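Trainee: What follows is the file structure-v7.txt, containing compact mmCIF, C-alpha atoms:
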# COMPACT_ATOMS: atom_id res chain seq x y z
CA LYS J 850 38.13 -7.77 40.53
CA ALA J 851 37.44 -4.84 42.85
CA LEU J 852 34.80 -6.93 44.58
CA GLY J 853 37.32 -9.41 45.99
CA PRO J 854 39.13 -7.35 48.61
CA MET J 855 36.03 -5.34 49.57
CA ILE J 856 33.54 -8.09 50.37
CA ARG J 857 34.31 -11.32 52.17
CA ARG J 858 32.35 -14.04 53.88
CA LYS J 859 32.55 -14.20 57.67
CA PRO J 860 31.15 -16.97 59.94
CA ARG J 861 28.25 -15.85 62.12
CA ASP J 862 27.90 -16.76 65.79
CA SER J 863 24.17 -17.46 65.33
CA ASP J 864 22.57 -20.36 63.49
CA ARG J 865 21.78 -18.16 60.45
CA GLY J 866 24.74 -19.52 58.47
CA GLU J 867 27.22 -17.19 56.75
CA GLY J 868 26.81 -13.48 56.24
CA VAL J 869 28.59 -10.92 54.06
CA GLN J 870 30.66 -8.16 55.59
CA LEU J 871 32.29 -5.15 53.92
CA THR J 872 35.93 -4.72 54.84
CA GLN J 873 35.87 -1.15 53.49
CA ASP J 874 32.64 0.16 54.93
CA GLY J 875 30.33 2.11 52.71
CA GLU J 876 32.36 2.16 49.50
CA PHE J 877 29.69 0.31 47.47
CA VAL J 878 26.63 0.90 49.63
CA GLY J 879 23.92 3.06 48.12
CA ARG J 880 25.37 3.32 44.62
CA ALA J 881 26.00 1.24 41.52
CA ALA J 882 29.49 0.17 40.53
CA GLU J 883 30.75 -1.50 37.36
CA LEU J 884 32.86 -4.59 38.02
CA VAL J 885 34.05 -7.68 36.18
CA GLY J 886 32.28 -11.00 36.63
CA VAL J 887 33.59 -14.47 35.88
CA LYS J 888 31.45 -17.16 34.26
CA LYS J 889 31.78 -20.85 35.09
CA GLY J 890 34.02 -21.39 32.10
CA GLY J 891 36.39 -18.62 33.21
CA GLU J 892 35.11 -16.01 30.73
CA LEU J 893 35.12 -12.45 32.03
CA PHE J 894 32.09 -10.22 31.48
CA PRO J 895 31.02 -6.76 32.70
CA ILE J 896 28.51 -6.46 35.53
CA GLU J 897 26.84 -3.69 37.50
CA LEU J 898 26.59 -4.16 41.29
CA SER J 899 23.99 -2.22 43.26
CA LEU J 900 24.48 -2.69 47.02
CA THR J 901 22.12 -1.60 49.80
CA ASP J 902 22.19 -2.24 53.55
CA TRP J 903 19.75 -2.27 56.41
CA THR J 904 19.65 -3.15 60.12
CA SER J 905 17.28 -5.60 61.82
CA ASP J 906 17.38 -6.71 65.45
CA GLY J 907 20.80 -5.19 65.83
CA ASP J 908 22.23 -7.08 62.84
CA GLN J 909 23.33 -5.38 59.65
CA PHE J 910 22.39 -6.94 56.31
CA TYR J 911 23.39 -6.27 52.73
CA SER J 912 21.41 -6.84 49.55
CA ALA J 913 23.17 -6.96 46.17
CA ILE J 914 21.60 -6.72 42.71
CA ILE J 915 23.92 -7.81 39.89
CA ARG J 916 23.11 -6.89 36.29
CA ASP J 917 24.85 -8.34 33.24
CA LEU J 918 26.17 -5.41 31.15
CA THR J 919 27.36 -7.45 28.16
CA GLU J 920 24.58 -6.36 25.79
CA PRO J 921 24.44 -2.69 26.93
CA HIS J 922 28.22 -2.44 26.46
CA ALA J 923 27.97 -4.06 23.03
CA ALA J 924 25.20 -1.62 22.02
CA GLN J 925 27.31 1.30 23.24
CA GLU J 926 30.30 0.05 21.25
CA ARG J 927 28.14 -0.29 18.12
CA ALA J 928 26.88 3.26 18.54
CA MET J 929 30.43 4.60 18.99
CA ARG J 930 31.58 2.70 15.91
CA GLN J 931 28.72 4.16 13.87
CA ASP J 932 29.64 7.65 15.08
CA ARG J 933 33.26 7.12 14.03
CA LEU J 934 32.20 5.86 10.60
CA ALA J 935 29.88 8.84 10.18
CA ALA J 936 32.74 11.21 11.02
CA VAL J 937 35.01 9.49 8.49
CA GLY J 938 32.22 9.66 5.91
CA GLN J 939 31.87 13.41 6.43
CA LEU J 940 35.63 13.85 6.06
CA VAL J 941 35.60 11.79 2.87
CA ALA J 942 32.70 13.76 1.46
CA GLY J 943 34.67 16.97 1.84
CA ILE J 944 38.07 15.82 0.54
CA ALA J 945 37.47 13.16 -2.11
CA PRO J 946 35.57 15.31 -4.66
CA ASN J 947 38.37 17.91 -4.68
CA PHE J 948 40.95 15.17 -5.10
CA SER J 949 38.87 13.70 -7.93
CA ASN J 950 38.88 17.09 -9.72
CA ILE J 951 42.68 17.26 -9.49
CA LEU J 952 43.03 13.78 -10.99
CA ALA J 953 40.55 14.63 -13.75
CA ALA J 954 42.75 17.57 -14.79
CA ILE J 955 45.86 15.35 -14.83
CA ILE J 956 44.08 12.73 -16.95
CA LEU J 957 42.72 15.35 -19.39
CA HIS J 958 46.05 17.09 -19.95
CA SER J 959 47.91 13.78 -20.26
CA GLU J 960 45.52 12.71 -23.01
CA MET J 961 45.92 16.10 -24.72
CA VAL J 962 49.72 15.80 -24.68
CA LEU J 963 49.54 12.28 -26.14
CA GLY J 964 47.25 13.46 -28.94
CA SER J 965 48.88 16.80 -29.76
CA PHE J 966 52.65 16.29 -29.77
CA GLU J 967 55.17 14.16 -31.59
CA LEU J 968 56.78 12.37 -28.67
CA SER J 969 59.67 10.01 -28.48
CA ARG J 970 58.83 6.48 -27.44
CA ARG J 971 60.44 7.13 -24.07
CA ASP J 972 58.43 10.32 -23.42
CA GLU J 973 55.22 8.69 -24.60
CA ASP J 974 55.75 5.83 -22.14
CA ARG J 975 56.29 8.37 -19.36
CA ILE J 976 53.07 10.23 -20.18
CA ARG J 977 51.15 6.95 -20.38
CA THR J 978 52.53 6.01 -16.95
CA ILE J 979 51.26 9.34 -15.57
CA LEU J 980 47.88 8.70 -17.20
CA LYS J 981 47.68 5.16 -15.88
CA GLN J 982 48.52 6.18 -12.32
CA ALA J 983 46.05 9.08 -12.42
CA GLU J 984 43.30 6.72 -13.61
CA ARG J 985 44.22 4.33 -10.80
CA GLY J 986 43.99 7.21 -8.35
CA ALA J 987 40.57 8.13 -9.74
CA PHE J 988 39.43 4.54 -9.24
CA LEU J 989 40.64 4.58 -5.64
CA THR J 990 38.83 7.87 -5.10
CA ARG J 991 35.60 6.28 -6.28
CA GLN J 992 36.18 3.53 -3.71
CA ILE J 993 36.63 6.15 -1.00
CA LEU J 994 33.41 7.82 -2.08
CA ASP J 995 31.71 4.42 -1.99
CA PHE J 996 32.86 4.09 1.61
CA GLY J 997 31.33 7.46 2.40
CA ARG J 998 28.20 6.53 0.41
CA GLN J 999 28.76 9.59 -1.77
CA SER J 1000 29.09 7.95 -5.19
CA ALA J 1001 26.28 6.82 -7.44
CA MET J 1002 25.96 3.34 -8.88
CA GLU J 1003 26.98 3.20 -12.55
CA PRO J 1004 25.51 -0.08 -13.85
CA ASP J 1005 26.59 -1.29 -17.26
CA LEU J 1006 26.16 -4.43 -19.36
CA VAL J 1007 29.05 -6.71 -18.38
CA ASN J 1008 30.16 -9.83 -20.27
CA VAL J 1009 31.05 -11.85 -17.17
CA ALA J 1010 33.44 -14.37 -18.76
CA GLN J 1011 35.38 -11.60 -20.52
CA PHE J 1012 35.33 -9.55 -17.32
CA MET J 1013 36.82 -12.49 -15.38
CA ALA J 1014 39.57 -13.02 -17.96
CA GLU J 1015 40.61 -9.35 -17.74
CA LEU J 1016 40.48 -9.52 -13.96
CA VAL J 1017 42.85 -12.49 -13.90
CA ARG J 1018 45.39 -10.55 -15.95
CA ALA J 1019 45.17 -7.73 -13.40
CA LEU J 1020 45.45 -10.07 -10.39
CA THR J 1021 48.36 -12.21 -11.59
CA PRO J 1022 51.21 -9.67 -11.07
CA GLY J 1023 50.21 -9.16 -7.44
CA LEU J 1024 50.38 -12.85 -6.50
CA GLN J 1025 53.51 -14.60 -5.36
CA GLU J 1026 54.90 -17.39 -7.50
CA ALA J 1027 53.82 -20.04 -5.00
CA ILE J 1028 50.14 -19.20 -5.59
CA LYS J 1029 48.57 -20.77 -8.67
CA LEU J 1030 45.70 -18.76 -10.16
CA SER J 1031 43.16 -20.47 -12.38
CA VAL J 1032 39.76 -19.72 -13.86
CA VAL J 1033 36.96 -22.22 -14.41
CA ALA J 1034 34.49 -20.48 -16.71
CA ARG J 1035 32.56 -21.15 -19.89
CA ASP J 1036 31.95 -18.23 -22.20
CA GLU J 1037 28.27 -18.72 -22.93
CA GLY J 1038 27.52 -15.06 -23.58
CA TRP J 1039 26.47 -14.43 -20.00
CA PHE J 1040 25.79 -10.77 -19.32
CA VAL J 1041 24.80 -8.99 -16.12
CA ASN J 1042 23.74 -5.42 -15.46
CA ALA J 1043 26.20 -4.30 -12.77
CA ASP J 1044 28.64 -1.59 -11.76
CA PRO J 1045 31.95 -2.98 -13.14
CA SER J 1046 34.15 -1.11 -10.65
CA ARG J 1047 32.23 -2.41 -7.64
CA LEU J 1048 32.10 -5.95 -9.02
CA ARG J 1049 35.83 -5.80 -9.69
CA GLN J 1050 36.57 -4.49 -6.20
CA ALA J 1051 34.47 -7.20 -4.52
CA ILE J 1052 36.41 -9.97 -6.27
CA ILE J 1053 39.78 -8.27 -5.69
CA ASN J 1054 38.99 -8.03 -1.97
CA LEU J 1055 38.23 -11.77 -1.83
CA ALA J 1056 41.39 -12.56 -3.79
CA GLN J 1057 43.45 -10.40 -1.43
CA ASN J 1058 42.02 -12.22 1.59
CA ALA J 1059 42.84 -15.54 -0.09
CA LYS J 1060 46.41 -14.40 -0.75
CA GLU J 1061 46.90 -13.47 2.92
CA ALA J 1062 45.52 -16.88 3.96
CA MET J 1063 48.10 -18.68 1.77
CA SER J 1064 51.39 -17.23 3.00
CA GLU J 1065 53.21 -20.44 2.01
CA GLY J 1066 51.48 -20.78 -1.34
CA GLY J 1067 48.44 -22.62 -2.63
CA GLU J 1068 45.76 -22.41 -5.28
CA LEU J 1069 43.35 -19.55 -5.98
CA ARG J 1070 40.49 -20.45 -8.27
CA LEU J 1071 37.79 -18.23 -9.78
CA GLU J 1072 34.71 -20.18 -10.84
CA LEU J 1073 31.87 -18.95 -13.02
CA ASP J 1074 28.61 -20.76 -13.64
CA SER J 1075 24.88 -20.10 -13.94
CA LEU J 1076 22.14 -20.92 -11.47
CA LEU J 1077 18.52 -21.50 -12.41
CA LEU J 1078 16.36 -20.89 -9.37
CA LYS J 1079 12.84 -22.31 -9.56
CA PRO J 1080 9.94 -21.05 -7.39
CA GLU J 1081 9.93 -24.29 -5.39
CA ASP J 1082 13.72 -24.23 -4.80
CA THR J 1083 15.34 -23.02 -1.58
CA PRO J 1084 17.55 -20.06 -2.56
CA PRO J 1085 21.18 -20.02 -1.37
CA MET J 1086 20.52 -16.46 -0.19
CA SER J 1087 17.14 -15.31 1.08
CA GLU J 1088 16.98 -12.24 -1.19
CA LEU J 1089 17.39 -14.22 -4.42
CA ALA J 1090 14.18 -14.31 -6.45
CA PRO J 1091 13.36 -17.18 -8.84
CA GLY J 1092 15.08 -16.88 -12.21
CA ARG J 1093 18.52 -17.28 -13.78
CA TRP J 1094 21.51 -15.96 -11.90
CA ILE J 1095 25.23 -15.82 -12.57
CA ARG J 1096 27.36 -17.22 -9.75
CA ILE J 1097 31.00 -16.23 -9.19
CA ARG J 1098 32.95 -18.20 -6.62
CA VAL J 1099 36.38 -17.38 -5.22
CA VAL J 1100 37.97 -20.58 -3.87
CA ASP J 1101 41.34 -20.94 -2.16
CA THR J 1102 43.34 -23.57 -0.31
CA GLY J 1103 44.28 -21.26 2.55
CA ARG J 1104 43.93 -21.80 6.27
CA GLY J 1105 40.27 -20.73 6.26
CA ILE J 1106 38.28 -18.92 8.91
CA ALA J 1107 38.50 -20.00 12.55
CA GLU J 1108 35.45 -21.96 13.68
CA GLN J 1109 34.50 -19.41 16.34
CA ASP J 1110 34.56 -16.60 13.75
CA LEU J 1111 32.34 -18.29 11.16
CA PRO J 1112 29.03 -16.99 12.61
Turn this file's structure into structure tokens for me.

Mentor:
Amino acid sequence: KALGPMIRRKPRDSDRGEGVQLTQDGEFVGRAAELVGVKKGGELFPIELSLTDWTSDGDQFYSAIIRDLTEPHAAQERAMRQDRLAAVGQLVAGIAPNFSNILAAIILHSEMVLGSFELSRRDEDRIRTILKQAERGAFLTRQILDFGRQSAMEPDLVNVAQFMAELVRALTPGLQEAIKLSVVARDEGWFVNADPSRLRQAIINLAQNAKEAMSEGGELRLELDSLLLKPEDTPPMSELAPGRWIRIRVVDTGRGIAEQDLP
């Protein structure tokens, strides 16, 4: 937008057509300036203008080189975002382990109290509440460490149908009454070797997104089935090797993703 008031077209007296004249002499000449360009469709995009001038036969001429800065700016933004994430990761690496140690002490002493004292039902419920919240805090800490790439994978043998049933019980209290939660799964003794906490978090994240997309209610459905991938088949994901896979689908009747955001 700075280009508008500084450069304008002016009719020439000669038969050379129109020229370009600076109304603020020298402000752009001999250096590069970042401006905003406008595409045919009206979309704005960053550009770099390099302007030089020269004189010939008493006339002054200007030559402009315009470079599209869209990709360089995007690369710079990606680099800045990576730097910010790295800084957060370093902060997490320093704080989360100490926080995890504090929670471990709370969990240990809560379990010792439950096992060593004759408590009233009311006091026992209070201690169990402390224990439950501390375990939840420890789970969240593991998620934070996952974000900072500081935690190790802890794969275990998971009965997927049983896992899904337990997950539904955990999800139900957090859903509004207008959202119907259902599970379509057959218990055929399907087992996978996976980190249960990460698998759980992946599905909870999808369910949370579905909930936000159904502000007026709808249906949230968890589907479980198996997939036999033969060598001649085209895999649904490029990294899937031939063999038997377990497929978990999270389906909702929400508003979906905007068409321009799907890529």

Trainee: Name the closest residue to Arg1070 of chain J among the candidates J:Asp1044, J:Glu1037, J:Asp1082, J:Asp1101; distances are taken between atoms, counting all atoms listed in the file.

Mentor: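 Among the listed residues, J:Asp1101 lies closest to Arg1070 of chain J.
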
Trainee: Give the answer as one residue: which of J:Thr1021, J:Asn947, J:Met1013, J:Ser1046 has the shortest atom-to-atom distance to Arg985 of chain J, using all atoms listed in the file?

Mentor: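 Of J:Thr1021, J:Asn947, J:Met1013, J:Ser1046, the one nearest Arg985 of chain J, counting all atoms listed in the file, is J:Ser1046.
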
Trainee: Using all atoms listed in the file, which protein or nucleic acid residues come within 12 Å of Glu920 of chain J? Drop anything in the same chain fewer than 5 positions from it, and give the result as a list of chain:residue names.

Mentor: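 After dropping sequence-adjacent residues, the list is J:Phe894, J:Pro895, J:Ile896, J:Gln925, J:Glu926, J:Arg927.
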
Trainee: Export, as an mmCIF file, in the coordinates of the input, the selected residues with C-alpha atoms.

Mentor:
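Just written: selection00.cif:
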data_model
loop_
_atom_site.group_PDB
_atom_site.id
_atom_site.type_symbol
_atom_site.label_atom_id
_atom_site.label_comp_id
_atom_site.auth_asym_id
_atom_site.auth_seq_id
_atom_site.Cartn_x
_atom_site.Cartn_y
_atom_site.Cartn_z
ATOM 1 C CA PHE J 894 32.090 -10.220 31.480
ATOM 2 C CA PRO J 895 31.020 -6.760 32.700
ATOM 3 C CA ILE J 896 28.510 -6.460 35.530
ATOM 4 C CA GLN J 925 27.310 1.300 23.240
ATOM 5 C CA GLU J 926 30.300 0.050 21.250
ATOM 6 C CA ARG J 927 28.140 -0.290 18.120
#

Trainee: Under the rule that all atoms listed in the file are counted, which of J:Ala928, J:Leu893, J:Val1099, J:Leu957 is the nearest residue to Asn1058 of chain J?

Mentor: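 Checking each of J:Ala928, J:Leu893, J:Val1099, J:Leu957 against Asn1058 of chain J, counting all atoms listed in the file, the winner is J:Val1099.
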
Trainee: Could you check how far atom CA of Ala983 of chain J sits from atom CA of Asn950 of chain J, in Å to one decimal?

Mentor: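 Distance between the two atoms: 11.1 Å.
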
Trainee: Could you tell me, as a list in words, which residues have any atom at most 8 Å from (33.6, -5.9, 36.7), counting only C-alpha atoms?

Mentor: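 Residues satisfying the cut-off, written out: Lys850, Ala851, Glu883, Leu884, Val885, Gly886, Phe894, Pro895, Ile896 and Glu897 of chain J.
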
Trainee: Excluding Ala987 of chain J and its own-chain neighbours fewer than 4 positions away, which residues fall within 12 Å of it when counting all atoms listed in the file? Please give them as a PDB file with C-alpha atoms, in the coordinates of the input.

Mentor:
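out01.pdb, freshly written:
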ATOM      1  CA  ALA J 945      37.470  13.160  -2.110  1.00  0.00           C
ATOM      2  CA  PRO J 946      35.570  15.310  -4.660  1.00  0.00           C
ATOM      3  CA  ASN J 947      38.370  17.910  -4.680  1.00  0.00           C
ATOM      4  CA  PHE J 948      40.950  15.170  -5.100  1.00  0.00           C
ATOM      5  CA  SER J 949      38.870  13.700  -7.930  1.00  0.00           C
ATOM      6  CA  ASN J 950      38.880  17.090  -9.720  1.00  0.00           C
ATOM      7  CA  ILE J 951      42.680  17.260  -9.490  1.00  0.00           C
ATOM      8  CA  LEU J 952      43.030  13.780 -10.990  1.00  0.00           C
ATOM      9  CA  ALA J 953      40.550  14.630 -13.750  1.00  0.00           C
ATOM     10  CA  ALA J 954      42.750  17.570 -14.790  1.00  0.00           C
ATOM     11  CA  ILE J 955      45.860  15.350 -14.830  1.00  0.00           C
ATOM     12  CA  ILE J 956      44.080  12.730 -16.950  1.00  0.00           C
ATOM     13  CA  LEU J 980      47.880   8.700 -17.200  1.00  0.00           C
ATOM     14  CA  LYS J 981      47.680   5.160 -15.880  1.00  0.00           C
ATOM     15  CA  GLN J 982      48.520   6.180 -12.320  1.00  0.00           C
ATOM     16  CA  ALA J 983      46.050   9.080 -12.420  1.00  0.00           C
ATOM     17  CA  ARG J 991      35.600   6.280  -6.280  1.00  0.00           C
ATOM     18  CA  GLN J 992      36.180   3.530  -3.710  1.00  0.00           C
ATOM     19  CA  ILE J 993      36.630   6.150  -1.000  1.00  0.00           C
ATOM     20  CA  LEU J 994      33.410   7.820  -2.080  1.00  0.00           C
ATOM     21  CA  SER J1046      34.150  -1.110 -10.650  1.00  0.00           C
TER      22      SER J1046
END

Trainee: Between atom CA of Leu1020 of chain J and atom CA of Leu1055 of chain J, what is the distance in Å, rounded to a tenth?

Mentor: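 One can read the atom CA of Leu1020 of chain J to atom CA of Leu1055 of chain J distance as 11.3 Å.
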
Trainee: Identify, on the basis of all atoms listed in the file, every residue whose closest approach to Asp972 of chain J does not exceed 12 Å; exclude the query and any residue fewer than 6 positions from it along the same chain; express the result as a PyMOL selection string.

Mentor: chain J and resi 959+962-963+966+978-979
